2 protein chains.
Amino acid sequence: MLERLRTHAEEIFRSSVAAVDPYNAVKRFVALDGNVLRLGHEGQETQEIDLRPFERILVVGGGKATAPMAKAVEDILGPRLQGGMINVKYGFTTSLSRIEIREAGHPIPDENGVLGTKKILGLLQECGEKDLIFSLISGGGSALLAQPTGEITLAEKQDVTRMLIECGASIDEINALRKHISSSKGGQMARAAFPATTVNLMLSDVVGDRMDVIASGPFVPDTSTYREVQDVLEKYNLTDIPPAVEKHLHAGLEGRLSETPKEGDPVFERVHNRIVGSNMIALQAAGQRAEALGYKTLILSSMVEGETREVARVHTAVARELLRTGHPVAPPACIISGGETTVTIRGNGLGGRNQEFCLAAAMDLDGVAPRVVILSGGTDGNDGPTDAAGGIVDPLTVRRAEKAGMKALDFLDNNDAYHFLQKTGDLLMTGPTNTNVMDVRLLLVK
Amino acid sequence: MLERLRTHAEEIFRSSVAAVDPYNAVKRFVALDGNVLRLGHEGQETQEIDLRPFERILVVGGGKATAPMAKAVEDILGPRLQGGMINVKYGFTTSLSRIEIREAGHPIPDENGVLGTKKILGLLQECGEKDLIFSLISGGGSALLAQPTGEITLAEKQDVTRMLIECGASIDEINALRKHISSSKGGQMARAAFPATTVNLMLSDVVGDRMDVIASGPFVPDTSTYREVQDVLEKYNLTDIPPAVEKHLHAGLEGRLSETPKEGDPVFERVHNRIVGSNMIALQAAGQRAEALGYKTLILSSMVEGETREVARVHTAVARELLRTGHPVAPPACIISGGETTVTIRGNGLGGRNQEFCLAAAMDLDGVAPRVVILSGGTDGNDGPTDAAGGIVDPLTVRRAEKAGMKALDFLDNNDAYHFLQKTGDLLMTGPTNTNVMDVRLLLVK
């Protein structure tokens with residue numbers, strides 16, 4: 001029975017990843033019907049755009065998954081597409097016929113990225129009312145669409161960002177700063193593109209899918225201000241920031257520079273911000289596959305964060321209750337959750353958050369009825385600095401480990417889930433998937 | 001809207017506690033119909049016992065909640081009840097007409113408890129085929145039914161137990177030892193009572209309701225052996241245990257003492273072990289009340305353990321998803337969980353696990369739509385060393401704190417949830433409830 005559950009878990013995981021494959025995600029979201037462009041997922045509200053008023057259709061974008069997204073747009077629009085340019089991470093390229101690809105630095109931005117971003121901004125600024133722009137954004141877009149504003153250099157921008165990170169500033173605080181020392185982030189690409197019409201398609205790698213956070217929202221209204229950035233710098237006593245940054249922020253504070261565009265700004269009137277792939281979309285695809293396989297399914301949340309091993313214990317508590325009383329749903333059941341947990345590293349072993357989740361879960365499942373399987377995997381196929389996507393464990397995993405002379409707690413203490421799961425035969429291997437919508441966790445009970 | 005949600009949350013919590021009130025729990029589980037005793041919860045499978053073959057009906061028991069349980073049995077059976085004796089914690093007494101109450105030490109057992117246990121064992125040994133015994137067991141029963149075996153003194157028993165706890169031994173390992181140096185635990189009361197018939201009614205304060213763990217299972221088959229106890233002592237290198245304990249365990253190991261009775265032992269043939277109150281029963285009562293108030297309900301698990309603040313984050317992830325997408329159930333929704341979490345104390349503030357849960361949840365709810373309320377409460381009405389049962393928080397809690405000049409993170413870091421929630425007006429106060437089935441957490445979303 002366990003073998004069957006394990007096979008199902010892996011199949012469900014692969015379905016969830018397939019649903020957020022960048023190429024598939026765009027193809028499922030965008031359809032061309034004569035002169036009408038239809039946007040939206042099947043069965044959900046769709047939006048129609050008449051293409052006849054437009055003289056040109058162009059593509060811009062940045063992110064690790066942008067190349068296959070661009071390929072999908074090329075395949076959908078065919079000769080109607082005039083051209084465009086996107087920035088991708090080195091090696092994350094594909095063969096495109098009309099769109100120019102520039103490879104650039106990620107996660108540390110480099111001059112190639114800055115040059116590409118400058119060209120993209122230039123292209124947007126040239127656009128007019130009769131242009132329709134497809135913007136393609138995915139994880140990594142923030143680094144790949146970097147464009148320090150004014151006299152600020154890339155190195156200075158990175159310096160001040162790093163200072164803020166080291167202070168323990170929140171992601172919202174860091175983003176507020178980033179948006180105010182950039183020419184592209186925080187809705188500024190929308191300002192550049194106006195009065196063109198923009199369809200901004202996003203593959204979200206952000207918990208809760210906040211559009212102003214995905215790649216720092218180049219086409220999305222910003223909620224932060226120069227004033228708030230100043231407050232943040234004061235809060236953390238950051239007085240030794242690079243002079244060019246200080247000068248720029250000071251000018252902004254005095255009203256000598258325009259603010260990032262805000263909600264209600266006319267530049268957003270012709271922007272259609274849509275999410276084509278997200279953790280929730282992956283979870284829903286998992287749910288559909290699980291139902292097709294005969295499981296009652298429940299999506300707990302796509303927004304799970306927190307210390308991995310503790311999060312694992314909550315999941316096993318649900319599994320054990322399910323075995324015992326049939327809550328929260330009667331078996332055969334598939335409980336699904338997503339998001340991105342963290343690992344406080346205390347040891348020097350090898351692993352990733354999904355593998356650590358599985359090791360902790362295996363310890364908690366030790367000895368329960370062999371009718372449950374838990375899978376945790378990164379949708380990018382790449383969990384931590386390993387070649388595994390995550391793991392699949394069951395109530396016999398710890399027993400297998402003991403037979404091999406391994407004590408689970410020692411491996412957990414050493415953050416060494418990879419070597420543990422490798423020996424018990426419980427690694428989940430998918431290879432790189434070219435997408436990333438964070439993690440998917442499955443809990444199957446027969 | 002928040003006020004209404006808060007009122008509902010408190011009402012649902014009170015209903016869940018009322019369902020496991022010791023007196024109510026016994027009254028709901030046991031009914032007398034002429035000469036037939038009916039055992040079981042309404043709507044579930046019941047069991048009938050014909051009272052005619054019995055000449056005497058007696059009550060024994062031990063635990064903090066045993067006095068009101070005994071009162072319920074007196075009220076149900078009236079003059080049919082001959083008498084009996086129970087051990088309760090000092091001050092946890094009530095007025096009984098036929099059953100003798102002895103007050104004794106808890107959590108540290110004392111000579112009063114030992115004397116009472118000895119008398120109870122004597123009473124059980126006198127019983128024969130024509131006796132029906134009601135045994136009443138609740139949290140604290142392990143300390144209140146302490147009876148060191150052979151020549152071992154209470155102090156020696158406590159010493160070796162403490163040594164094992166300090167080694168970091170698991171609860172199963174500690175219980176294996178306890179049962180093998182006791183005359184009452186691990187099914188030994190069933191052996192004393194045989195060939196009488198026993199109805200053993202338990203109010204469970206244990207995650208997963210393992211009957212051999214509740215008060216160390218005086219009427220429940222034991223799974224541990226002298227051999228395993230010896231292995232545990234060797235595992236932790238405990239060589240300096242009290243000589244009387246060592247001598248006793250050695251005799252057991254050599255087969256000169258009988259083992260605790262195991263599954264299949266004839267002494268259990270006439271024992272009916274039944275749980276009258278548990279965390280799951282409290283959660284189900286919460287679910288019923290929530291449904292009556294118009295909420296769609298979901299019981300996640302009664303077995304939630306782990307570090308409190310991380311467990312809180314998983315719960316808020318569910319709340320935030322519910323607000324955003326209607327998963328796992330569409331609002332108005334009530335998500336319910338139970339169990340008992342732990343707090344790693346790093347500060348020197350005042351609080352308990354339920355209050356810390358609420359503080360961490362409030363931080364995570366800060367800024368979300370004011371359509372969610374989270375309650376966490378101890379069913380005993382007594383969270384940590386405070387006069388509160390727990391807390392009720394909402395998305396405005398942190399804002400109220402800031403207005404009062406408080407920074408939530410500082411209070412969390414100092415484990416000072418009590419003073420935080422006191423100032424924000426978010427403490428849950430019920431007073432002592434005289435029951436304990438661990439904690440109940442509610443998440444209401446409109």
# chains A, B, ... in the order shown; residues from 1 in each chain; ligands from 1
>>> interface_residues(of="chain A", to="chain B", cutoff="9 Å", atoms="only C-alpha atoms", output="MDAnalysis selection string")
chainID A and resid 208 280 298:311 313:322 324:325 327:329
>>> write_last_selection(atoms="N, CA and C atoms", output="compact mmCIF listing (two decimals), in the first residue's frame")
# COMPACT_ATOMS: atom_id res chain seq x y z
N GLY A 208 1.57 34.68 -0.80
CA GLY A 208 0.40 35.55 -0.84
C GLY A 208 0.22 36.28 -2.16
N MET A 280 -0.70 28.78 -5.27
CA MET A 280 -2.08 28.30 -5.17
C MET A 280 -2.51 27.57 -6.44
N LEU A 298 -7.98 18.53 0.46
CA LEU A 298 -8.15 19.75 1.25
C LEU A 298 -6.89 20.58 1.07
N ILE A 299 -7.06 21.82 0.60
CA ILE A 299 -5.92 22.72 0.51
C ILE A 299 -5.90 23.56 1.78
N LEU A 300 -4.89 23.33 2.61
CA LEU A 300 -4.81 24.03 3.90
C LEU A 300 -4.47 25.49 3.71
N SER A 301 -3.38 25.74 2.98
CA SER A 301 -2.91 27.11 2.80
C SER A 301 -1.73 27.10 1.84
N SER A 302 -1.65 28.14 1.02
CA SER A 302 -0.47 28.31 0.17
C SER A 302 0.52 29.26 0.82
N MET A 303 0.24 29.66 2.05
CA MET A 303 1.01 30.74 2.68
C MET A 303 1.76 30.28 3.93
N VAL A 304 2.11 29.00 3.96
CA VAL A 304 2.75 28.47 5.16
C VAL A 304 4.22 28.90 5.23
N GLU A 305 4.55 29.58 6.32
CA GLU A 305 5.93 29.98 6.59
C GLU A 305 6.29 29.49 8.00
N GLY A 306 7.49 29.72 8.44
CA GLY A 306 7.88 29.33 9.79
C GLY A 306 9.00 28.31 9.79
N GLU A 307 9.46 27.97 10.99
CA GLU A 307 10.58 27.04 11.16
C GLU A 307 10.17 25.64 10.69
N THR A 308 10.92 25.13 9.74
CA THR A 308 10.50 23.93 9.01
C THR A 308 10.11 22.75 9.89
N ARG A 309 10.95 22.42 10.88
CA ARG A 309 10.66 21.19 11.64
C ARG A 309 9.40 21.33 12.49
N GLU A 310 9.09 22.55 12.91
CA GLU A 310 7.86 22.77 13.69
C GLU A 310 6.64 22.74 12.77
N VAL A 311 6.80 23.31 11.59
CA VAL A 311 5.73 23.25 10.59
C VAL A 311 5.43 21.79 10.24
N ARG A 313 5.71 19.26 12.20
CA ARG A 313 4.97 18.62 13.29
C ARG A 313 3.48 18.92 13.22
N VAL A 314 3.14 20.14 12.78
CA VAL A 314 1.71 20.46 12.63
C VAL A 314 1.11 19.59 11.52
N HIS A 315 1.87 19.40 10.45
CA HIS A 315 1.36 18.56 9.36
C HIS A 315 1.19 17.10 9.82
N THR A 316 2.15 16.58 10.57
CA THR A 316 2.00 15.19 11.02
C THR A 316 0.87 15.07 12.03
N ALA A 317 0.61 16.14 12.79
CA ALA A 317 -0.53 16.11 13.71
C ALA A 317 -1.83 15.94 12.93
N VAL A 318 -1.90 16.58 11.77
CA VAL A 318 -3.09 16.42 10.92
C VAL A 318 -3.14 14.99 10.38
N ALA A 319 -2.01 14.47 9.95
CA ALA A 319 -1.96 13.10 9.42
C ALA A 319 -2.38 12.09 10.47
N ARG A 320 -1.89 12.26 11.68
CA ARG A 320 -2.19 11.29 12.74
C ARG A 320 -3.66 11.38 13.14
N GLU A 321 -4.21 12.59 13.15
CA GLU A 321 -5.63 12.73 13.47
C GLU A 321 -6.47 12.06 12.38
N LEU A 322 -6.04 12.25 11.15
CA LEU A 322 -6.76 11.68 10.03
C LEU A 322 -6.81 10.15 10.15
N ARG A 324 -6.62 8.48 12.87
CA ARG A 324 -7.31 8.09 14.09
C ARG A 324 -8.81 8.33 14.01
N THR A 325 -9.21 9.52 13.54
CA THR A 325 -10.62 9.90 13.62
C THR A 325 -11.23 10.36 12.29
N HIS A 327 -10.63 13.18 10.85
CA HIS A 327 -10.60 14.64 10.72
C HIS A 327 -9.24 15.03 10.16
N PRO A 328 -9.17 16.10 9.36
CA PRO A 328 -10.25 17.00 8.91
C PRO A 328 -11.08 16.44 7.75
N VAL A 329 -10.60 15.43 7.03
CA VAL A 329 -11.43 14.78 6.00
C VAL A 329 -11.19 13.28 6.09
>>> residues_around(residues="stretch 94-96 of chain B", least_positions_apart="3", cutoff="7 Å", atoms="only C-alpha atoms", output="VMD selection string")
chain B and resid 67 to 68 71 99
>>> write_last_selection(atoms="N, CA, C and O atoms", output="compact mmCIF listing (two decimals), in the first residue's frame")
# COMPACT_ATOMS: atom_id res chain seq x y z
N ALA B 67 -13.57 14.15 41.62
CA ALA B 67 -14.68 14.41 42.55
C ALA B 67 -15.99 14.67 41.81
O ALA B 67 -17.00 14.00 42.07
N PRO B 68 -16.01 15.62 40.83
CA PRO B 68 -17.28 15.80 40.11
C PRO B 68 -17.68 14.58 39.27
O PRO B 68 -18.89 14.34 39.08
N LYS B 71 -19.42 12.45 41.73
CA LYS B 71 -20.74 13.03 42.01
C LYS B 71 -21.73 12.61 40.93
O LYS B 71 -22.89 12.25 41.22
N ILE B 99 -19.37 8.07 48.58
CA ILE B 99 -17.98 7.77 48.22
C ILE B 99 -17.03 8.58 49.10
O ILE B 99 -17.21 9.78 49.28
>>> residues_around(residues="A:Arg227", least_positions_apart="2", cutoff="9 Å", atoms="only C-alpha atoms", output="VMD selection string")
chain A and resid 224 to 225 229 to 232 249 252 to 253
>>> select_by_dssp(residues="stretch 85-276 of chain A", states="strand (DSSP E or B)", output="PyMOL selection string")
chain A and resi 85-89+99-104+131-137+148+182+197-203+271-276
>>> select_by_dssp(residues="stretch 12-237 of chain B", states="helix (DSSP H, G or I)", output="PyMOL selection string")
chain B and resi 12-19+22-29+66-80+111-126+141-144+154-166+171-180+188-193+214-216+226-235
>>> residues_around(residues="A:Asp240", least_positions_apart="6", cutoff="12 Å", atoms="only C-alpha atoms", output="compact mmCIF listing (two decimals) with all heavy atoms, in the first residue's frame")
# COMPACT_ATOMS: atom_id res chain seq x y z
N GLU A 156 26.64 50.83 -5.46
CA GLU A 156 26.07 51.61 -4.35
C GLU A 156 24.68 51.12 -3.99
O GLU A 156 24.32 51.03 -2.82
CB GLU A 156 26.02 53.10 -4.74
CG GLU A 156 27.40 53.75 -4.74
CD GLU A 156 27.42 55.13 -5.39
OE1 GLU A 156 26.56 55.41 -6.27
OE2 GLU A 156 28.31 55.92 -5.03
N ASP A 159 25.11 48.01 -2.07
CA ASP A 159 25.65 48.30 -0.73
C ASP A 159 24.55 48.67 0.25
O ASP A 159 24.44 48.11 1.33
CB ASP A 159 26.65 49.48 -0.79
CG ASP A 159 28.03 49.00 -1.19
OD1 ASP A 159 28.23 47.76 -1.22
OD2 ASP A 159 28.89 49.85 -1.49
N VAL A 160 23.74 49.62 -0.15
CA VAL A 160 22.72 50.11 0.78
C VAL A 160 21.66 49.04 1.03
O VAL A 160 21.16 48.89 2.15
CB VAL A 160 22.12 51.46 0.31
CG1 VAL A 160 21.37 51.30 -0.99
CG2 VAL A 160 21.21 52.05 1.38
N MET A 163 23.15 46.66 3.53
CA MET A 163 23.15 47.26 4.87
C MET A 163 21.80 47.06 5.55
O MET A 163 21.71 46.73 6.73
CB MET A 163 23.49 48.76 4.78
CG MET A 163 24.95 49.03 4.45
SD MET A 163 25.23 50.74 3.91
CE MET A 163 25.14 51.62 5.46
N LEU A 164 20.75 47.28 4.77
CA LEU A 164 19.40 47.18 5.33
C LEU A 164 19.08 45.73 5.68
O LEU A 164 18.49 45.45 6.73
CB LEU A 164 18.40 47.73 4.30
CG LEU A 164 17.14 48.40 4.84
CD1 LEU A 164 17.45 49.38 5.94
CD2 LEU A 164 16.41 49.09 3.70
N LEU A 233 15.49 54.27 7.26
CA LEU A 233 16.92 54.51 7.47
C LEU A 233 17.18 55.03 8.88
O LEU A 233 18.15 54.64 9.54
CB LEU A 233 17.45 55.50 6.43
CG LEU A 233 17.39 55.01 4.97
CD1 LEU A 233 17.91 56.09 4.03
CD2 LEU A 233 18.21 53.73 4.78
N GLU A 234 16.29 55.89 9.35
CA GLU A 234 16.44 56.43 10.71
C GLU A 234 16.20 55.35 11.75
O GLU A 234 16.91 55.26 12.74
CB GLU A 234 15.49 57.61 10.92
CG GLU A 234 16.02 58.89 10.25
CD GLU A 234 14.99 60.02 10.23
OE1 GLU A 234 14.00 59.94 10.99
OE2 GLU A 234 15.19 60.96 9.45
N GLU A 246 22.21 58.91 -0.68
CA GLU A 246 21.70 59.91 0.25
C GLU A 246 21.21 61.15 -0.49
O GLU A 246 20.12 61.67 -0.20
CB GLU A 246 22.81 60.29 1.24
CG GLU A 246 22.28 61.14 2.37
CD GLU A 246 23.28 61.29 3.51
OE1 GLU A 246 24.45 60.87 3.33
OE2 GLU A 246 22.89 61.83 4.55
>>> atom_distance(atom1="atom CA of A:Ser216", atom2="atom CA of A:Arg178")
8.1 Å
>>> residues_around(residues="A:Pro221", least_positions_apart="3", cutoff="7 Å", atoms="only C-alpha atoms", output="MDAnalysis selection string")
chainID A and resid 186:187 212 261:263
>>> residues_around(residues="A:Asp383", least_positions_apart="3", cutoff="9 Å", atoms="only C-alpha atoms", output="PyMOL selection string")
chain A and resi 351-355+377-380+386-390
>>> write_last_selection(atoms="all heavy atoms", output="PDB file, in the first residue's frame")
ATOM      1  N   GLY A 351      21.312  19.632   2.894  1.00  0.00           N
ATOM      2  CA  GLY A 351      19.852  19.489   2.806  1.00  0.00           C
ATOM      3  C   GLY A 351      19.216  20.746   2.291  1.00  0.00           C
ATOM      4  O   GLY A 351      19.875  21.641   1.780  1.00  0.00           O
ATOM      5  N   GLY A 352      17.909  20.777   2.403  1.00  0.00           N
ATOM      6  CA  GLY A 352      17.127  21.941   2.003  1.00  0.00           C
ATOM      7  C   GLY A 352      15.880  21.904   2.854  1.00  0.00           C
ATOM      8  O   GLY A 352      15.640  20.936   3.575  1.00  0.00           O
ATOM      9  N   ARG A 353      15.051  22.964   2.757  1.00  0.00           N
ATOM     10  CA  ARG A 353      13.901  23.011   3.653  1.00  0.00           C
ATOM     11  C   ARG A 353      12.933  21.862   3.409  1.00  0.00           C
ATOM     12  O   ARG A 353      12.333  21.335   4.349  1.00  0.00           O
ATOM     13  CB  ARG A 353      13.203  24.361   3.575  1.00  0.00           C
ATOM     14  CG  ARG A 353      12.761  24.733   2.194  1.00  0.00           C
ATOM     15  CD  ARG A 353      12.181  26.136   2.094  1.00  0.00           C
ATOM     16  NE  ARG A 353      11.709  26.344   0.747  1.00  0.00           N
ATOM     17  CZ  ARG A 353      12.448  26.830  -0.253  1.00  0.00           C
ATOM     18  NH1 ARG A 353      13.691  27.201  -0.038  1.00  0.00           N
ATOM     19  NH2 ARG A 353      11.956  26.961  -1.471  1.00  0.00           N
ATOM     20  N   ASN A 354      12.774  21.438   2.159  1.00  0.00           N
ATOM     21  CA  ASN A 354      11.841  20.346   1.885  1.00  0.00           C
ATOM     22  C   ASN A 354      12.354  19.012   2.423  1.00  0.00           C
ATOM     23  O   ASN A 354      11.577  18.200   2.925  1.00  0.00           O
ATOM     24  CB  ASN A 354      11.583  20.241   0.376  1.00  0.00           C
ATOM     25  CG  ASN A 354      10.776  21.419  -0.120  1.00  0.00           C
ATOM     26  OD1 ASN A 354       9.580  21.512   0.144  1.00  0.00           O
ATOM     27  ND2 ASN A 354      11.433  22.351  -0.800  1.00  0.00           N
ATOM     28  N   GLN A 355      13.642  18.804   2.330  1.00  0.00           N
ATOM     29  CA  GLN A 355      14.219  17.566   2.858  1.00  0.00           C
ATOM     30  C   GLN A 355      14.157  17.574   4.388  1.00  0.00           C
ATOM     31  O   GLN A 355      13.861  16.561   5.016  1.00  0.00           O
ATOM     32  CB  GLN A 355      15.653  17.404   2.358  1.00  0.00           C
ATOM     33  CG  GLN A 355      15.702  17.136   0.858  1.00  0.00           C
ATOM     34  CD  GLN A 355      17.065  17.429   0.247  1.00  0.00           C
ATOM     35  OE1 GLN A 355      18.042  16.744   0.517  1.00  0.00           O
ATOM     36  NE2 GLN A 355      17.134  18.457  -0.576  1.00  0.00           N
ATOM     37  N   GLY A 377       8.264  19.145  -1.651  1.00  0.00           N
ATOM     38  CA  GLY A 377       9.168  19.398  -2.763  1.00  0.00           C
ATOM     39  C   GLY A 377       9.177  20.850  -3.195  1.00  0.00           C
ATOM     40  O   GLY A 377       8.160  21.535  -3.115  1.00  0.00           O
ATOM     41  N   GLY A 378      10.330  21.323  -3.629  1.00  0.00           N
ATOM     42  CA  GLY A 378      10.431  22.647  -4.229  1.00  0.00           C
ATOM     43  C   GLY A 378       9.989  22.549  -5.679  1.00  0.00           C
ATOM     44  O   GLY A 378      10.439  21.656  -6.404  1.00  0.00           O
ATOM     45  N   THR A 379       9.108  23.462  -6.095  1.00  0.00           N
ATOM     46  CA  THR A 379       8.605  23.373  -7.465  1.00  0.00           C
ATOM     47  C   THR A 379       9.696  23.629  -8.494  1.00  0.00           C
ATOM     48  O   THR A 379       9.534  23.278  -9.657  1.00  0.00           O
ATOM     49  CB  THR A 379       7.457  24.376  -7.699  1.00  0.00           C
ATOM     50  OG1 THR A 379       7.897  25.677  -7.299  1.00  0.00           O
ATOM     51  CG2 THR A 379       6.221  23.994  -6.907  1.00  0.00           C
ATOM     52  N   ASP A 380      10.827  24.232  -8.046  1.00  0.00           N
ATOM     53  CA  ASP A 380      11.923  24.435  -8.992  1.00  0.00           C
ATOM     54  C   ASP A 380      12.783  23.179  -9.151  1.00  0.00           C
ATOM     55  O   ASP A 380      13.710  23.166  -9.951  1.00  0.00           O
ATOM     56  CB  ASP A 380      12.784  25.638  -8.599  1.00  0.00           C
ATOM     57  CG  ASP A 380      13.404  25.493  -7.221  1.00  0.00           C
ATOM     58  OD1 ASP A 380      13.144  24.457  -6.553  1.00  0.00           O
ATOM     59  OD2 ASP A 380      14.156  26.388  -6.801  1.00  0.00           O
ATOM     60  N   THR A 386      21.307  21.088  -3.226  1.00  0.00           N
ATOM     61  CA  THR A 386      21.336  19.652  -3.524  1.00  0.00           C
ATOM     62  C   THR A 386      20.743  19.389  -4.907  1.00  0.00           C
ATOM     63  O   THR A 386      20.116  20.273  -5.484  1.00  0.00           O
ATOM     64  CB  THR A 386      20.488  18.838  -2.514  1.00  0.00           C
ATOM     65  OG1 THR A 386      19.092  19.026  -2.790  1.00  0.00           O
ATOM     66  CG2 THR A 386      20.769  19.276  -1.076  1.00  0.00           C
ATOM     67  N   ASP A 387      20.871  18.156  -5.362  1.00  0.00           N
ATOM     68  CA  ASP A 387      20.288  17.777  -6.646  1.00  0.00           C
ATOM     69  C   ASP A 387      18.881  17.203  -6.476  1.00  0.00           C
ATOM     70  O   ASP A 387      18.291  16.703  -7.425  1.00  0.00           O
ATOM     71  CB  ASP A 387      21.180  16.769  -7.379  1.00  0.00           C
ATOM     72  CG  ASP A 387      21.438  15.515  -6.551  1.00  0.00           C
ATOM     73  OD1 ASP A 387      21.001  15.476  -5.370  1.00  0.00           O
ATOM     74  OD2 ASP A 387      22.081  14.583  -7.062  1.00  0.00           O
ATOM     75  N   ALA A 388      18.356  17.251  -5.243  1.00  0.00           N
ATOM     76  CA  ALA A 388      17.009  16.728  -4.980  1.00  0.00           C
ATOM     77  C   ALA A 388      16.005  17.875  -4.935  1.00  0.00           C
ATOM     78  O   ALA A 388      16.352  19.015  -4.629  1.00  0.00           O
ATOM     79  CB  ALA A 388      16.985  15.978  -3.659  1.00  0.00           C
ATOM     80  N   ALA A 389      14.729  17.554  -5.242  1.00  0.00           N
ATOM     81  CA  ALA A 389      13.657  18.544  -5.117  1.00  0.00           C
ATOM     82  C   ALA A 389      13.082  18.548  -3.710  1.00  0.00           C
ATOM     83  O   ALA A 389      12.457  19.509  -3.287  1.00  0.00           O
ATOM     84  CB  ALA A 389      12.550  18.238  -6.118  1.00  0.00           C
ATOM     85  N   GLY A 390      13.302  17.446  -2.989  1.00  0.00           N
ATOM     86  CA  GLY A 390      12.745  17.308  -1.646  1.00  0.00           C
ATOM     87  C   GLY A 390      12.753  15.849  -1.250  1.00  0.00           C
ATOM     88  O   GLY A 390      13.708  15.137  -1.566  1.00  0.00           O
TER      89      GLY A 390
END
>>> decode(residues="stretch 223-227 of chain B", atoms="all heavy atoms", output="CSV table (one decimal), in the first residue's frame")
chain,number,residue,atom,x,y,z
B,223,THR,N,2.3,-2.3,27.6
B,223,THR,CA,3.1,-2.8,26.4
B,223,THR,C,4.6,-2.9,26.8
B,223,THR,O,5.4,-3.5,26.1
B,223,THR,CB,3.0,-1.9,25.2
B,223,THR,OG1,3.4,-0.6,25.6
B,223,THR,CG2,1.6,-1.9,24.7
B,224,SER,N,5.0,-2.4,27.9
B,224,SER,CA,6.4,-2.4,28.3
B,224,SER,C,6.8,-3.5,29.2
B,224,SER,O,5.9,-4.2,29.8
B,224,SER,CB,6.8,-1.0,28.9
B,224,SER,OG,6.1,-0.9,30.2
B,225,THR,N,8.1,-3.8,29.3
B,225,THR,CA,8.6,-5.0,30.1
B,225,THR,C,9.7,-4.6,30.9
B,225,THR,O,10.4,-3.6,30.8
B,225,THR,CB,9.1,-6.1,29.1
B,225,THR,OG1,10.2,-5.6,28.3
B,225,THR,CG2,8.0,-6.6,28.2
B,226,TYR,N,10.0,-5.4,31.9
B,226,TYR,CA,11.2,-5.3,32.8
B,226,TYR,C,12.5,-5.1,31.9
B,226,TYR,O,13.4,-4.3,32.2
B,226,TYR,CB,11.4,-6.4,33.7
B,226,TYR,CG,10.5,-6.3,35.0
B,226,TYR,CD1,9.4,-7.2,35.2
B,226,TYR,CD2,10.8,-5.4,36.0
B,226,TYR,CE1,8.7,-7.1,36.3
B,226,TYR,CE2,10.0,-5.3,37.1
B,226,TYR,CZ,9.0,-6.1,37.3
B,226,TYR,OH,8.2,-6.0,38.4
B,227,ARG,N,12.5,-6.0,30.8
B,227,ARG,CA,13.7,-6.0,29.9
B,227,ARG,C,13.8,-4.6,29.3
B,227,ARG,O,15.0,-4.0,29.3
B,227,ARG,CB,13.4,-7.0,28.8
B,227,ARG,CG,14.4,-7.1,27.7
B,227,ARG,CD,15.7,-7.8,28.2
B,227,ARG,NE,16.7,-6.9,28.5
B,227,ARG,CZ,17.8,-7.2,29.1
B,227,ARG,NH1,18.1,-8.4,29.6
B,227,ARG,NH2,18.8,-6.2,29.3
